[in-house]
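Raw query-v5.txt, compact mmCIF, N, CA, C and O atoms:
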```txt
# COMPACT_ATOMS: atom_id res chain seq x y z
N MET A 1 -20.50 74.61 -35.06
CA MET A 1 -20.25 75.43 -33.90
C MET A 1 -19.80 74.53 -32.76
O MET A 1 -20.41 73.51 -32.49
N ARG A 2 -18.74 74.92 -32.11
CA ARG A 2 -18.19 74.14 -31.00
C ARG A 2 -18.49 74.81 -29.66
O ARG A 2 -18.08 75.95 -29.43
N LEU A 3 -19.21 74.11 -28.80
CA LEU A 3 -19.52 74.58 -27.46
C LEU A 3 -18.67 73.82 -26.47
O LEU A 3 -18.55 72.60 -26.57
N SER A 4 -18.13 74.53 -25.49
CA SER A 4 -17.31 73.90 -24.47
C SER A 4 -17.97 74.07 -23.11
O SER A 4 -18.44 75.15 -22.76
N VAL A 5 -17.99 72.99 -22.34
CA VAL A 5 -18.52 73.01 -20.98
C VAL A 5 -17.34 72.85 -20.03
O VAL A 5 -16.62 71.84 -20.08
N LEU A 6 -17.14 73.86 -19.19
CA LEU A 6 -16.00 73.86 -18.28
C LEU A 6 -16.28 73.11 -16.99
O LEU A 6 -17.41 73.05 -16.52
N ARG A 7 -15.21 72.60 -16.41
CA ARG A 7 -15.26 72.11 -15.04
C ARG A 7 -14.94 73.30 -14.15
O ARG A 7 -13.90 73.95 -14.33
N GLU A 8 -15.82 73.62 -13.24
CA GLU A 8 -15.62 74.78 -12.37
C GLU A 8 -14.40 74.54 -11.48
O GLU A 8 -14.19 73.43 -10.99
N THR A 9 -13.60 75.57 -11.29
CA THR A 9 -12.38 75.44 -10.51
C THR A 9 -12.53 75.89 -9.06
O THR A 9 -11.70 75.55 -8.23
N ALA A 10 -13.57 76.64 -8.74
CA ALA A 10 -13.80 77.10 -7.37
C ALA A 10 -14.27 75.91 -6.52
O ALA A 10 -15.23 75.23 -6.89
N ALA A 11 -13.60 75.67 -5.42
CA ALA A 11 -13.92 74.53 -4.56
C ALA A 11 -15.34 74.59 -4.01
O ALA A 11 -15.93 73.55 -3.72
N VAL A 12 -15.90 75.77 -3.89
CA VAL A 12 -17.24 75.93 -3.32
C VAL A 12 -18.34 75.92 -4.39
O VAL A 12 -19.49 76.16 -4.07
N GLU A 13 -18.01 75.63 -5.64
CA GLU A 13 -18.98 75.66 -6.73
C GLU A 13 -19.41 74.26 -7.16
O GLU A 13 -18.68 73.58 -7.87
N PRO A 14 -20.59 73.80 -6.73
CA PRO A 14 -21.05 72.47 -7.10
C PRO A 14 -21.82 72.42 -8.42
O PRO A 14 -22.14 71.34 -8.91
N ARG A 15 -22.11 73.58 -9.00
CA ARG A 15 -22.93 73.60 -10.22
C ARG A 15 -22.08 73.36 -11.47
O ARG A 15 -20.88 73.49 -11.46
N VAL A 16 -22.79 73.01 -12.54
CA VAL A 16 -22.17 72.84 -13.85
C VAL A 16 -23.02 73.62 -14.85
O VAL A 16 -24.22 73.78 -14.65
N SER A 17 -22.40 74.10 -15.91
CA SER A 17 -23.10 74.99 -16.85
C SER A 17 -24.01 74.28 -17.84
O SER A 17 -24.76 74.93 -18.55
N ALA A 18 -23.97 72.96 -17.90
CA ALA A 18 -24.86 72.22 -18.81
C ALA A 18 -25.13 70.83 -18.26
O ALA A 18 -24.20 70.16 -17.80
N SER A 19 -26.36 70.42 -18.31
CA SER A 19 -26.73 69.06 -17.93
C SER A 19 -26.59 68.15 -19.15
O SER A 19 -26.40 68.62 -20.28
N ALA A 20 -26.73 66.87 -18.94
CA ALA A 20 -26.68 65.93 -20.06
C ALA A 20 -27.84 66.20 -21.02
O ALA A 20 -27.70 66.11 -22.24
N ASP A 21 -29.00 66.57 -20.48
CA ASP A 21 -30.16 66.88 -21.31
C ASP A 21 -29.90 68.11 -22.17
O ASP A 21 -30.24 68.14 -23.36
N THR A 22 -29.28 69.11 -21.58
CA THR A 22 -28.94 70.32 -22.33
C THR A 22 -27.97 70.00 -23.45
O THR A 22 -28.12 70.47 -24.58
N VAL A 23 -26.98 69.18 -23.14
CA VAL A 23 -26.00 68.77 -24.15
C VAL A 23 -26.71 68.05 -25.30
O VAL A 23 -26.44 68.32 -26.48
N LYS A 24 -27.62 67.18 -24.98
CA LYS A 24 -28.37 66.44 -26.00
C LYS A 24 -29.11 67.41 -26.93
O LYS A 24 -29.14 67.23 -28.15
N ARG A 25 -29.68 68.46 -26.35
CA ARG A 25 -30.40 69.45 -27.16
C ARG A 25 -29.45 70.23 -28.06
O ARG A 25 -29.75 70.49 -29.23
N TYR A 26 -28.30 70.63 -27.52
CA TYR A 26 -27.31 71.34 -28.34
C TYR A 26 -26.83 70.47 -29.50
O TYR A 26 -26.72 70.93 -30.63
N VAL A 27 -26.56 69.21 -29.21
CA VAL A 27 -26.12 68.28 -30.26
C VAL A 27 -27.22 68.12 -31.30
O VAL A 27 -26.96 68.10 -32.51
N GLY A 28 -28.46 68.04 -30.85
CA GLY A 28 -29.59 67.93 -31.76
C GLY A 28 -29.74 69.13 -32.69
O GLY A 28 -30.28 69.02 -33.79
N LEU A 29 -29.27 70.28 -32.24
CA LEU A 29 -29.29 71.49 -33.06
C LEU A 29 -28.08 71.60 -33.97
O LEU A 29 -27.93 72.56 -34.70
N GLY A 30 -27.19 70.60 -33.90
CA GLY A 30 -26.03 70.56 -34.79
C GLY A 30 -24.73 71.03 -34.19
O GLY A 30 -23.73 71.14 -34.89
N ALA A 31 -24.71 71.33 -32.90
CA ALA A 31 -23.47 71.78 -32.26
C ALA A 31 -22.57 70.61 -31.90
O ALA A 31 -23.05 69.51 -31.61
N GLU A 32 -21.29 70.86 -31.93
CA GLU A 32 -20.30 69.92 -31.39
C GLU A 32 -20.08 70.35 -29.95
O GLU A 32 -19.73 71.50 -29.70
N VAL A 33 -20.33 69.46 -29.00
CA VAL A 33 -20.19 69.81 -27.59
C VAL A 33 -19.01 69.06 -27.00
O VAL A 33 -18.91 67.84 -27.13
N VAL A 34 -18.13 69.81 -26.35
CA VAL A 34 -16.94 69.25 -25.73
C VAL A 34 -17.02 69.57 -24.23
O VAL A 34 -17.23 70.71 -23.85
N VAL A 35 -16.87 68.54 -23.40
CA VAL A 35 -17.01 68.69 -21.95
C VAL A 35 -15.69 68.32 -21.28
O VAL A 35 -15.12 67.26 -21.58
N ALA A 36 -15.25 69.16 -20.37
CA ALA A 36 -14.05 68.85 -19.59
C ALA A 36 -14.38 67.70 -18.64
O ALA A 36 -15.42 67.71 -17.99
N SER A 37 -13.52 66.72 -18.57
CA SER A 37 -13.73 65.56 -17.71
C SER A 37 -13.99 66.01 -16.28
O SER A 37 -13.31 66.88 -15.74
N GLY A 38 -15.03 65.44 -15.68
CA GLY A 38 -15.38 65.75 -14.30
C GLY A 38 -16.21 66.99 -14.14
O GLY A 38 -16.52 67.39 -13.01
N ALA A 39 -16.61 67.63 -15.23
CA ALA A 39 -17.36 68.89 -15.14
C ALA A 39 -18.63 68.75 -14.32
O ALA A 39 -19.00 69.66 -13.59
N GLY A 40 -19.30 67.64 -14.42
CA GLY A 40 -20.58 67.48 -13.73
C GLY A 40 -20.55 66.67 -12.46
O GLY A 40 -21.59 66.46 -11.84
N VAL A 41 -19.39 66.22 -12.03
CA VAL A 41 -19.29 65.33 -10.87
C VAL A 41 -19.95 65.93 -9.62
O VAL A 41 -20.72 65.27 -8.95
N ALA A 42 -19.66 67.18 -9.31
CA ALA A 42 -20.23 67.80 -8.10
C ALA A 42 -21.74 67.96 -8.20
O ALA A 42 -22.42 68.11 -7.20
N SER A 43 -22.28 67.90 -9.42
CA SER A 43 -23.72 68.00 -9.63
C SER A 43 -24.36 66.64 -9.84
O SER A 43 -25.55 66.55 -10.17
N GLY A 44 -23.58 65.59 -9.72
CA GLY A 44 -24.11 64.24 -9.89
C GLY A 44 -24.23 63.78 -11.34
O GLY A 44 -24.99 62.85 -11.63
N ILE A 45 -23.50 64.41 -12.24
CA ILE A 45 -23.53 64.04 -13.66
C ILE A 45 -22.16 63.50 -14.05
O ILE A 45 -21.17 64.23 -14.00
N GLY A 46 -22.11 62.25 -14.42
CA GLY A 46 -20.83 61.63 -14.79
C GLY A 46 -20.47 61.86 -16.24
O GLY A 46 -21.32 62.20 -17.07
N ASP A 47 -19.21 61.64 -16.54
CA ASP A 47 -18.73 61.80 -17.91
C ASP A 47 -19.50 60.92 -18.89
O ASP A 47 -19.79 61.33 -20.01
N GLY A 48 -19.86 59.72 -18.46
CA GLY A 48 -20.60 58.80 -19.32
C GLY A 48 -21.95 59.34 -19.74
O GLY A 48 -22.43 59.06 -20.85
N GLU A 49 -22.59 60.09 -18.86
CA GLU A 49 -23.88 60.69 -19.20
C GLU A 49 -23.72 61.73 -20.30
O GLU A 49 -24.56 61.83 -21.21
N TYR A 50 -22.65 62.50 -20.21
CA TYR A 50 -22.39 63.48 -21.27
C TYR A 50 -22.08 62.77 -22.59
O TYR A 50 -22.57 63.18 -23.64
N GLU A 51 -21.29 61.73 -22.53
CA GLU A 51 -20.97 60.98 -23.75
C GLU A 51 -22.24 60.37 -24.34
O GLU A 51 -22.43 60.38 -25.56
N GLY A 52 -23.11 59.85 -23.48
CA GLY A 52 -24.37 59.29 -23.93
C GLY A 52 -25.28 60.31 -24.59
O GLY A 52 -26.12 59.98 -25.43
N ALA A 53 -25.11 61.56 -24.22
CA ALA A 53 -25.90 62.65 -24.79
C ALA A 53 -25.28 63.19 -26.08
O ALA A 53 -25.85 64.06 -26.73
N GLY A 54 -24.10 62.67 -26.44
CA GLY A 54 -23.47 63.07 -27.70
C GLY A 54 -22.27 63.98 -27.58
O GLY A 54 -21.71 64.41 -28.59
N ALA A 55 -21.85 64.28 -26.36
CA ALA A 55 -20.67 65.13 -26.16
C ALA A 55 -19.39 64.33 -26.26
O ALA A 55 -19.39 63.11 -26.09
N VAL A 56 -18.32 65.04 -26.50
CA VAL A 56 -16.98 64.46 -26.45
C VAL A 56 -16.38 64.92 -25.12
O VAL A 56 -16.36 66.12 -24.84
N VAL A 57 -15.95 64.00 -24.30
CA VAL A 57 -15.33 64.34 -23.02
C VAL A 57 -13.82 64.36 -23.21
O VAL A 57 -13.25 63.41 -23.74
N VAL A 58 -13.20 65.47 -22.80
CA VAL A 58 -11.76 65.64 -22.95
C VAL A 58 -11.11 65.78 -21.58
O VAL A 58 -11.79 65.97 -20.58
N ALA A 59 -9.80 65.70 -21.54
CA ALA A 59 -9.05 65.61 -20.29
C ALA A 59 -9.25 66.77 -19.31
O ALA A 59 -9.34 66.55 -18.11
N ASP A 60 -9.31 67.99 -19.81
CA ASP A 60 -9.33 69.14 -18.89
C ASP A 60 -9.95 70.36 -19.56
O ASP A 60 -10.35 70.32 -20.73
N ASN A 61 -10.01 71.46 -18.81
CA ASN A 61 -10.60 72.70 -19.33
C ASN A 61 -9.86 73.24 -20.54
O ASN A 61 -10.47 73.71 -21.49
N ALA A 62 -8.54 73.18 -20.53
CA ALA A 62 -7.76 73.69 -21.66
C ALA A 62 -8.12 72.95 -22.94
O ALA A 62 -8.29 73.57 -24.00
N ALA A 63 -8.26 71.64 -22.86
CA ALA A 63 -8.63 70.85 -24.04
C ALA A 63 -10.06 71.15 -24.47
O ALA A 63 -10.36 71.17 -25.67
N ALA A 64 -10.93 71.41 -23.52
CA ALA A 64 -12.32 71.72 -23.84
C ALA A 64 -12.44 73.07 -24.55
O ALA A 64 -13.21 73.22 -25.49
N VAL A 65 -11.66 74.03 -24.12
CA VAL A 65 -11.73 75.39 -24.66
C VAL A 65 -11.07 75.50 -26.04
O VAL A 65 -11.45 76.34 -26.85
N ALA A 66 -10.12 74.65 -26.33
CA ALA A 66 -9.38 74.73 -27.59
C ALA A 66 -10.33 74.76 -28.79
O ALA A 66 -11.10 73.83 -29.01
N GLY A 67 -10.31 75.85 -29.52
CA GLY A 67 -11.12 75.98 -30.73
C GLY A 67 -12.59 76.24 -30.49
O GLY A 67 -13.40 76.17 -31.42
N ALA A 68 -12.97 76.60 -29.28
CA ALA A 68 -14.38 76.79 -28.95
C ALA A 68 -14.94 78.09 -29.55
O ALA A 68 -14.26 79.10 -29.61
N ASP A 69 -16.20 78.01 -29.97
CA ASP A 69 -16.93 79.20 -30.40
C ASP A 69 -17.70 79.80 -29.22
O ASP A 69 -17.88 81.00 -29.14
N ILE A 70 -18.14 78.93 -28.32
CA ILE A 70 -18.87 79.35 -27.13
C ILE A 70 -18.33 78.55 -25.95
O ILE A 70 -18.20 77.33 -26.03
N VAL A 71 -18.01 79.25 -24.86
CA VAL A 71 -17.52 78.60 -23.64
C VAL A 71 -18.57 78.78 -22.56
O VAL A 71 -18.95 79.91 -22.24
N LEU A 72 -19.07 77.67 -22.03
CA LEU A 72 -20.08 77.71 -20.99
C LEU A 72 -19.46 77.46 -19.63
O LEU A 72 -18.72 76.50 -19.46
N GLY A 73 -19.77 78.32 -18.69
CA GLY A 73 -19.28 78.17 -17.33
C GLY A 73 -20.25 78.83 -16.37
O GLY A 73 -21.00 79.72 -16.75
N VAL A 74 -20.23 78.41 -15.13
CA VAL A 74 -21.08 79.03 -14.12
C VAL A 74 -20.44 80.33 -13.65
O VAL A 74 -21.09 81.36 -13.58
N ARG A 75 -19.16 80.27 -13.34
CA ARG A 75 -18.42 81.46 -12.92
C ARG A 75 -17.51 81.92 -14.05
O ARG A 75 -17.11 81.11 -14.90
N ARG A 76 -17.17 83.19 -14.05
CA ARG A 76 -16.30 83.72 -15.09
C ARG A 76 -14.95 83.01 -15.04
O ARG A 76 -14.29 82.97 -14.01
N PRO A 77 -14.51 82.44 -16.17
CA PRO A 77 -13.20 81.78 -16.18
C PRO A 77 -12.07 82.79 -16.19
O PRO A 77 -12.25 83.94 -16.62
N GLU A 78 -10.92 82.37 -15.73
CA GLU A 78 -9.73 83.22 -15.79
C GLU A 78 -9.38 83.47 -17.25
O GLU A 78 -9.58 82.61 -18.10
N ALA A 79 -8.86 84.65 -17.53
CA ALA A 79 -8.55 85.04 -18.90
C ALA A 79 -7.62 84.06 -19.59
O ALA A 79 -7.79 83.75 -20.77
N GLY A 80 -6.64 83.53 -18.88
CA GLY A 80 -5.70 82.59 -19.47
C GLY A 80 -6.37 81.30 -19.94
O GLY A 80 -5.93 80.69 -20.91
N LEU A 81 -7.44 80.92 -19.28
CA LEU A 81 -8.13 79.69 -19.65
C LEU A 81 -8.82 79.81 -21.00
O LEU A 81 -8.80 78.88 -21.79
N VAL A 82 -9.42 80.93 -21.28
CA VAL A 82 -10.15 81.08 -22.54
C VAL A 82 -9.28 81.51 -23.70
O VAL A 82 -9.78 81.70 -24.80
N ALA A 83 -8.00 81.64 -23.47
CA ALA A 83 -7.09 82.05 -24.54
C ALA A 83 -7.08 81.07 -25.71
O ALA A 83 -6.81 81.46 -26.84
N GLY A 84 -7.42 79.82 -25.47
CA GLY A 84 -7.44 78.82 -26.54
C GLY A 84 -8.70 78.83 -27.38
O GLY A 84 -8.79 78.13 -28.39
N ALA A 85 -9.70 79.63 -26.99
CA ALA A 85 -10.93 79.70 -27.76
C ALA A 85 -10.70 80.47 -29.06
O ALA A 85 -9.71 81.20 -29.19
N ARG A 86 -11.61 80.31 -29.98
CA ARG A 86 -11.48 81.05 -31.25
C ARG A 86 -11.65 82.54 -31.01
O ARG A 86 -12.34 82.97 -30.11
N ARG A 87 -11.06 83.31 -31.87
CA ARG A 87 -11.18 84.78 -31.79
C ARG A 87 -12.66 85.14 -31.93
O ARG A 87 -13.35 84.66 -32.82
N GLY A 88 -13.14 85.99 -31.02
CA GLY A 88 -14.53 86.40 -31.07
C GLY A 88 -15.49 85.45 -30.37
O GLY A 88 -16.70 85.64 -30.42
N ALA A 89 -14.97 84.43 -29.71
CA ALA A 89 -15.82 83.46 -29.02
C ALA A 89 -16.61 84.13 -27.90
O ALA A 89 -16.20 85.13 -27.34
N LEU A 90 -17.73 83.51 -27.60
CA LEU A 90 -18.57 84.00 -26.50
C LEU A 90 -18.26 83.22 -25.24
O LEU A 90 -18.01 82.06 -25.28
```
If you convert what's in this file into structure tokens, what do you get?
Amino acid sequence: MRLSVLRETAAVEPRVSASADTVKRYVGLGAEVVVASGAGVASGIGDGEYEGAGAVVVADNAAAVAGADIVLGVRRPEAGLVAGARRGAL
């Protein structure tokens, strides 16, 4: 199962949908976790922390969503952004 963590696009949104600890737990359950680069910066979580937790950090939201079974975000993403997710993705 592929989980994607989005970088929020709203300038006023400092939150991120998954912490490094959360990512570690998902990976421990067997999920492949893909994080958009910079997703946690506004929350004080760097890309290296996500990588250390077992996630793969990719260039942007589009790359993170590609082939995703589950897309995690704080705010609802634009429809065009999730178009790359698998059919039936959450």
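Across A:Ala20, A:Ala63, A:Ala11, A:Val58, the tightest approach to Gly44 in chain A is made by A:Ala20 when counting only C-alpha atoms.
Of note, CA of Arg7 in chain A and CA of Ala31 in chain A are spaced 19.1 Å apart.
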Which centre and edge lengths in Å to one decimal define the box along x, y and z that fits every listed atom of range 28-34 of chain A plus 3 Å per side, as AutoDock Vina command-line options?
```
--center_x -23.6 --center_y 70.2 --center_z -29.4 --size_x 19.3 --size_y 10.7 --size_z 17.0
```
If you count only N, CA, C and O atoms, which residues fall within 5 Å of Val56 in chain A, apart from same-chain ones fewer than 4 positions away, as a list in words? Val33, Val34 and Val35 of chain A
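Counting only C-alpha atoms, range 46-55 of chain A has the following residues at most 10 Å away, ignoring those fewer than 5 positions along the same chain: Leu3, Ser4, Val5, Ala18, Ser19, Ala20, Asp21, Thr22, Val23, Lys24, Arg25, Tyr26, Val27, Gly28, Ala31, Glu32, Val33, Val34, Val35, Ala36, Ser37, Gly38, Ala39, Gly40 and Val41 of chain A.
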Can you tell me how far atom C of Ala68 in chain A sits from atom C of Gly30 in chain A, in Å to one decimal? 12.9 Å
Set the distance at 12 Å and use only C-alpha atoms: which residues neighbour Val12 in chain A once local chain neighbours fewer than 4 positions away are removed? I'd like the list as a list of chain:residue names. A:Glu8, A:Ala42, A:Val74, A:Arg75
Would you put the residues from that selection into a file with N, CA, C and O atoms, as a short mmCIF file (atom, residue, chain, number, x, y, z; two decimals), keeping the file's coordinate frame?
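Written file, again.cif:
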```cif
data_model
loop_
_atom_site.label_atom_id
_atom_site.label_comp_id
_atom_site.auth_asym_id
_atom_site.auth_seq_id
_atom_site.Cartn_x
_atom_site.Cartn_y
_atom_site.Cartn_z
N GLU A 8 -15.82 73.62 -13.24
CA GLU A 8 -15.62 74.78 -12.37
C GLU A 8 -14.40 74.54 -11.48
O GLU A 8 -14.19 73.43 -10.99
N ALA A 42 -19.66 67.18 -9.31
CA ALA A 42 -20.23 67.80 -8.10
C ALA A 42 -21.74 67.96 -8.20
O ALA A 42 -22.42 68.11 -7.20
N VAL A 74 -20.23 78.41 -15.13
CA VAL A 74 -21.08 79.03 -14.12
C VAL A 74 -20.44 80.33 -13.65
O VAL A 74 -21.09 81.36 -13.58
N ARG A 75 -19.16 80.27 -13.34
CA ARG A 75 -18.42 81.46 -12.92
C ARG A 75 -17.51 81.92 -14.05
O ARG A 75 -17.11 81.11 -14.90
#
```
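Among the residues of chain A, backbone DSSP assigns helix (DSSP H, G or I) to Ala20, Asp21, Thr22, Val23, Lys24, Arg25, Tyr26, Val27, Gly28, Val41, Ala42, Ser43, Asp47, Gly48, Glu49, Tyr50, Glu51, Gly52, Asn61, Ala62, Ala63, Ala64, Val65, Leu81, Val82, Ala83 and Gly84 of chain A.
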For Arg76 in chain A, the closest of A:Met1, A:Ala64, A:Thr9, A:Pro14 counting all atoms listed in the file is A:Thr9
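Here CA of Ala79 in chain A and atom C of Ala62 in chain A stand 12.8 Å from one another.
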Residue list as a PyMOL selection string for point (-15.7, 78.2, -25.8), cut-off 5 Å, only N, CA, C and O atoms: chain A and resi 2+4+65+68-71+90
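Taking all atoms listed in the file into account, Asp60 in chain A lies nearest to A:Leu6 out of the set A:Leu6, A:Leu29, A:Val16, A:Ile45.
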